[in-house]
Structure formats: C-alpha cells, structure tokens
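Student: Once you've had a glance at the structure underneath, I'll fire off some questions.
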Amino acid sequence: MSDTGTRTTATDAQERAMVDDARAQHRDKHVARTAAALVIPGGLIALLAAIAVASGADPAAPRLAAILPFGAFLGAVYTVLTRMVVRTAVTRDEVIVQWGLSDHRIPVAAITACEAKSVTGGPTVGTGAGWALVADRGSVLLSWTDAGATKSLLFPANDPAALAAQIDVARGAGVTATGLRVADAAAITEDERAVEGATESTAKEQGR
C-alpha cells in the first residue's frame, strides 16, 4: 500500500498552516475520492430538486416539500467539509491530524500505540464496507493518554503503513538509552540538579 514514501513539503496552504516544512518529519494527505464521487453529485441533484419544488415546477407538490431535498443538500455539504480530506503531519513533538473542520494535536510522548489498518476484514464501521467509502486507501489507529485517560482516533490516510512507521520513528526518537522518554528524562535531570544544588548549599552553610 505504501506508494508515497516520506513527504515533508506542504502541497497546499492548509498543510503549510498546520506546521512549517522545517519541523515536519512526515506529511500525509488523504482525499476520499470514492465518497466524493457519490456525495457531490447526489448533493447537486438534491439541490436542483429543492429548487424545482420551491419554484412550483410540480403544481401537485407543496412548496414546503422542498425542505427535504434541501436538507439532503446541506447534509452533502457537511459531509464534504468534515469527512472528505484528512491532512496529517508528524513532528518531533506531536502528531497533527486535521480531519475536515476538526483538529487534533497529539503529543508524541503521550502516544501508546499506532497501527495501520486496511479498509476490509472486520465487523465494525472502522474496518467494514461503509468505512471504505471514506478510507478507501486504509487508515491509522492512534492511541494515547490524556490526563490519565486513554483516547484513540481512527482516521483515513493515503499511505497508512508509511504514516504509522513515521509516527513510530518519532516515538522512538523520544526515548533515551535508559528507556525513558526525553521529556521524562529532562524532568528527572531537573530534579537531580535541584537536589545537587540543595546539597551544595547545605555543605557551604556547614563549612562556614
């Protein structure tokens, strides 16, 4: 499934706004073309039907009935805005997932698991046929901890295997030789410095 390799350069203004190219270690952009091929024409047909009913093209149809096809059109617009495009950027410190109008920023140090998934082979919406309309090239399941709670996000990706691999690379880069993450090791170092400072201060006081 991997056919894009590692990409760090932004392809559109939205990607550049997420994170600059110097900080990006990997980028992925998924466009749900399968779903768009169904939703966009369906939405346009619903809009034309709403206009026709509202303008009285069918004298037997009450104009209030235009609400139904217009509602279908609004549903199509909402789907296009919120489900069709997923942009992901991996940096040394965080994984940024922008899915339509929603934005997720996940600290790399908080990630507990990352797995590339196919679009078939399971009973849930996350792996079944319905999901394939949105994630027609596969997806990534990301799990992390936030304030002691475990959270997860399943999102489409253009190259799930490459994206998951790069997230794991970022996670590995944040681990020291002792097995501690950089953030944790830095905190311990600061504590050690504080203890050493207090010890030196006490020694100086006793030496006076």
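Each chain of the structure tokens is named A, B, ... in the order shown, its residues numbered from 1; ligands are numbered from 1 in display order.
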Counting only C-alpha atoms, give me one row per residue of range 86-174 of chain A with an atom at most 8 Å from an atom of range 15-33 of chain A, showing the shortest contact pair and its distance in Å to one decimal, sorted by chain then residue number, as JSON lines.
Tutor:
```
{"residue": "A:Val86", "atom": "CA", "partner": "A:His30", "partner_atom": "CA", "distance": 5.1}
{"residue": "A:Arg87", "atom": "CA", "partner": "A:Lys29", "partner_atom": "CA", "distance": 4.5}
{"residue": "A:Thr88", "atom": "CA", "partner": "A:Asp28", "partner_atom": "CA", "distance": 5.1}
{"residue": "A:Ala89", "atom": "CA", "partner": "A:Arg27", "partner_atom": "CA", "distance": 4.5}
{"residue": "A:Val90", "atom": "CA", "partner": "A:His26", "partner_atom": "CA", "distance": 5.2}
{"residue": "A:Thr91", "atom": "CA", "partner": "A:Ala24", "partner_atom": "CA", "distance": 4.9}
{"residue": "A:Arg92", "atom": "CA", "partner": "A:Gln25", "partner_atom": "CA", "distance": 7.2}
{"residue": "A:Ile96", "atom": "CA", "partner": "A:Met18", "partner_atom": "CA", "distance": 7.5}
{"residue": "A:Leu133", "atom": "CA", "partner": "A:Ala32", "partner_atom": "CA", "distance": 7.0}
{"residue": "A:Val134", "atom": "CA", "partner": "A:Ala32", "partner_atom": "CA", "distance": 5.1}
{"residue": "A:Ala135", "atom": "CA", "partner": "A:Ala32", "partner_atom": "CA", "distance": 6.4}
{"residue": "A:Asp136", "atom": "CA", "partner": "A:Ala32", "partner_atom": "CA", "distance": 6.7}
{"residue": "A:Pro156", "atom": "CA", "partner": "A:His30", "partner_atom": "CA", "distance": 6.6}
{"residue": "A:Ala157", "atom": "CA", "partner": "A:His30", "partner_atom": "CA", "distance": 5.1}
{"residue": "A:Asn158", "atom": "CA", "partner": "A:His30", "partner_atom": "CA", "distance": 4.6}
{"residue": "A:Asp159", "atom": "CA", "partner": "A:Asp28", "partner_atom": "CA", "distance": 7.0}
{"residue": "A:Leu163", "atom": "CA", "partner": "A:Asp28", "partner_atom": "CA", "distance": 6.9}
{"residue": "A:Gln166", "atom": "CA", "partner": "A:His26", "partner_atom": "CA", "distance": 6.7}
```
Student: So that I can see what lies close to Leu153 in chain A, please list as a list of chain:residue names the residues with an atom at most 9 Å from it, counting only C-alpha atoms and leaving out residues fewer than 3 positions away in the same chain.
Tutor: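 The filter keeps A:Val140, A:Leu141, A:Leu142, A:Ser143, A:Trp144.
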Student: Extract the full set of helix (DSSP H, G or I) residues from range 106-164 of chain A according to DSSP on the backbone, and format it as JSON, numbers by chain.
Tutor: {"A": [108, 109, 110, 129, 130, 131, 132, 160, 161, 162, 163, 164]}
Student: Would you mind exporting N, CA and C atoms of the selected residues as a compact mmCIF listing (two decimals), in the first residue's frame?
Tutor:
```
# COMPACT_ATOMS: atom_id res chain seq x y z
N VAL A 108 3.63 13.39 20.99
CA VAL A 108 4.28 12.12 20.68
C VAL A 108 4.56 11.34 21.95
N ALA A 109 4.96 12.03 23.02
CA ALA A 109 5.29 11.36 24.27
C ALA A 109 4.09 10.67 24.90
N ALA A 110 2.87 11.09 24.52
CA ALA A 110 1.67 10.51 25.11
C ALA A 110 1.13 9.33 24.32
N ALA A 129 -17.30 -2.24 5.07
CA ALA A 129 -17.51 -1.68 3.74
C ALA A 129 -17.90 -0.21 3.80
N GLY A 130 -18.69 0.18 4.81
CA GLY A 130 -19.10 1.58 4.92
C GLY A 130 -17.91 2.50 5.12
N TRP A 131 -16.94 2.04 5.89
CA TRP A 131 -15.74 2.84 6.13
C TRP A 131 -14.93 3.01 4.85
N ALA A 132 -15.02 2.04 3.95
CA ALA A 132 -14.24 2.09 2.72
C ALA A 132 -14.61 3.28 1.85
N PRO A 160 -1.17 4.57 4.89
CA PRO A 160 -1.23 4.23 6.31
C PRO A 160 0.05 3.59 6.84
N ALA A 161 0.66 2.69 6.07
CA ALA A 161 1.86 2.00 6.53
C ALA A 161 3.02 2.98 6.75
N ALA A 162 3.22 3.88 5.78
CA ALA A 162 4.31 4.85 5.90
C ALA A 162 4.04 5.82 7.05
N LEU A 163 2.79 6.24 7.19
CA LEU A 163 2.45 7.19 8.25
C LEU A 163 2.65 6.55 9.63
N ALA A 164 2.15 5.33 9.81
CA ALA A 164 2.32 4.65 11.09
C ALA A 164 3.80 4.44 11.40
```
Student: Please report the interatomic distance between CA of Ala72 in chain A and CA of Met84 in chain A in Å with one decimal.
Tutor: 16.8 Å
Student: Expressed in Å to a single decimal, how great is the separation between CA of Val53 in chain A and CA of Phe70 in chain A?
Tutor: 10.0 Å
Student: Tell me, in Å to one decimal, how far CA of Asp103 in chain A is from CA of Thr8 in chain A.
Tutor: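 So the answer is 19.1 Å.
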Student: Of the candidates A:Pro69, A:Arg105, A:Thr150, A:Thr34, which shows the shortest atom-to-atom distance to Arg137 in chain A, using only C-alpha atoms?
Tutor: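 Among the listed residues, the smallest separation from Arg137 in chain A belongs to A:Thr34.
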Student: For the strand (DSSP E or B) assignment from backbone DSSP, which residues of range 4-199 of chain A qualify? Please present them as number ranges by chain.
Tutor: A: 26-31, 85-90, 94-99, 102-107, 111-117, 139-146, 149-156, 175, 181
Student: Take the residues that were just selected and, keeping C-alpha atoms, output them as a JSON list (two decimals), in the first residue's frame.
Tutor:
```json
[["chain", "number", "residue", "atom", "x", "y", "z"],
["A", 26, "HIS", "CA", 6.33, 13.37, 7.51],
["A", 27, "ARG", "CA", 3.08, 14.51, 5.87],
["A", 28, "ASP", "CA", 0.07, 12.56, 4.64],
["A", 29, "LYS", "CA", -2.97, 13.83, 2.77],
["A", 30, "HIS", "CA", -5.97, 11.62, 2.09],
["A", 31, "VAL", "CA", -8.84, 12.67, -0.18],
["A", 85, "VAL", "CA", -10.00, 15.41, 3.37],
["A", 86, "VAL", "CA", -7.62, 14.32, 6.12],
["A", 87, "ARG", "CA", -4.24, 16.03, 6.49],
["A", 88, "THR", "CA", -1.69, 14.60, 8.92],
["A", 89, "ALA", "CA", 1.69, 15.99, 9.94],
["A", 90, "VAL", "CA", 4.26, 14.28, 12.14],
["A", 94, "GLU", "CA", 3.36, 15.95, 18.11],
["A", 95, "VAL", "CA", 1.11, 14.34, 15.54],
["A", 96, "ILE", "CA", -1.34, 16.78, 13.99],
["A", 97, "VAL", "CA", -4.47, 15.34, 12.38],
["A", 98, "GLN", "CA", -6.76, 17.79, 10.60],
["A", 99, "TRP", "CA", -9.92, 16.00, 9.52],
["A", 102, "SER", "CA", -11.74, 19.11, 13.37],
["A", 103, "ASP", "CA", -8.16, 19.48, 14.52],
["A", 104, "HIS", "CA", -6.29, 17.01, 16.75],
["A", 105, "ARG", "CA", -2.84, 17.69, 18.24],
["A", 106, "ILE", "CA", -1.44, 14.62, 19.97],
["A", 107, "PRO", "CA", 1.86, 14.79, 21.89],
["A", 111, "ILE", "CA", 1.16, 8.01, 22.25],
["A", 112, "THR", "CA", 0.84, 4.43, 23.46],
["A", 113, "ALA", "CA", 0.09, 2.61, 20.19],
["A", 114, "CYS", "CA", -0.04, 3.22, 16.44],
["A", 115, "GLU", "CA", -1.33, 0.74, 13.88],
["A", 116, "ALA", "CA", -2.00, 0.83, 10.14],
["A", 117, "LYS", "CA", -5.31, -0.77, 9.16],
["A", 139, "SER", "CA", -6.45, 4.13, 7.97],
["A", 140, "VAL", "CA", -4.33, 4.60, 11.08],
["A", 141, "LEU", "CA", -5.45, 3.79, 14.61],
["A", 142, "LEU", "CA", -3.69, 6.05, 17.10],
["A", 143, "SER", "CA", -3.98, 5.63, 20.89],
["A", 144, "TRP", "CA", -2.65, 7.96, 23.56],
["A", 145, "THR", "CA", -3.13, 9.00, 27.18],
["A", 146, "ASP", "CA", -4.55, 12.34, 28.26],
["A", 149, "ALA", "CA", -7.50, 8.63, 30.36],
["A", 150, "THR", "CA", -6.87, 6.53, 27.25],
["A", 151, "LYS", "CA", -8.04, 8.04, 23.97],
["A", 152, "SER", "CA", -7.96, 6.77, 20.41],
["A", 153, "LEU", "CA", -8.52, 8.12, 16.92],
["A", 154, "LEU", "CA", -9.11, 6.12, 13.74],
["A", 155, "PHE", "CA", -8.53, 8.29, 10.69],
["A", 156, "PRO", "CA", -8.02, 7.72, 6.94],
["A", 175, "VAL", "CA", 13.28, 7.57, 24.04],
["A", 181, "ARG", "CA", 11.31, 9.42, 27.11]]
```
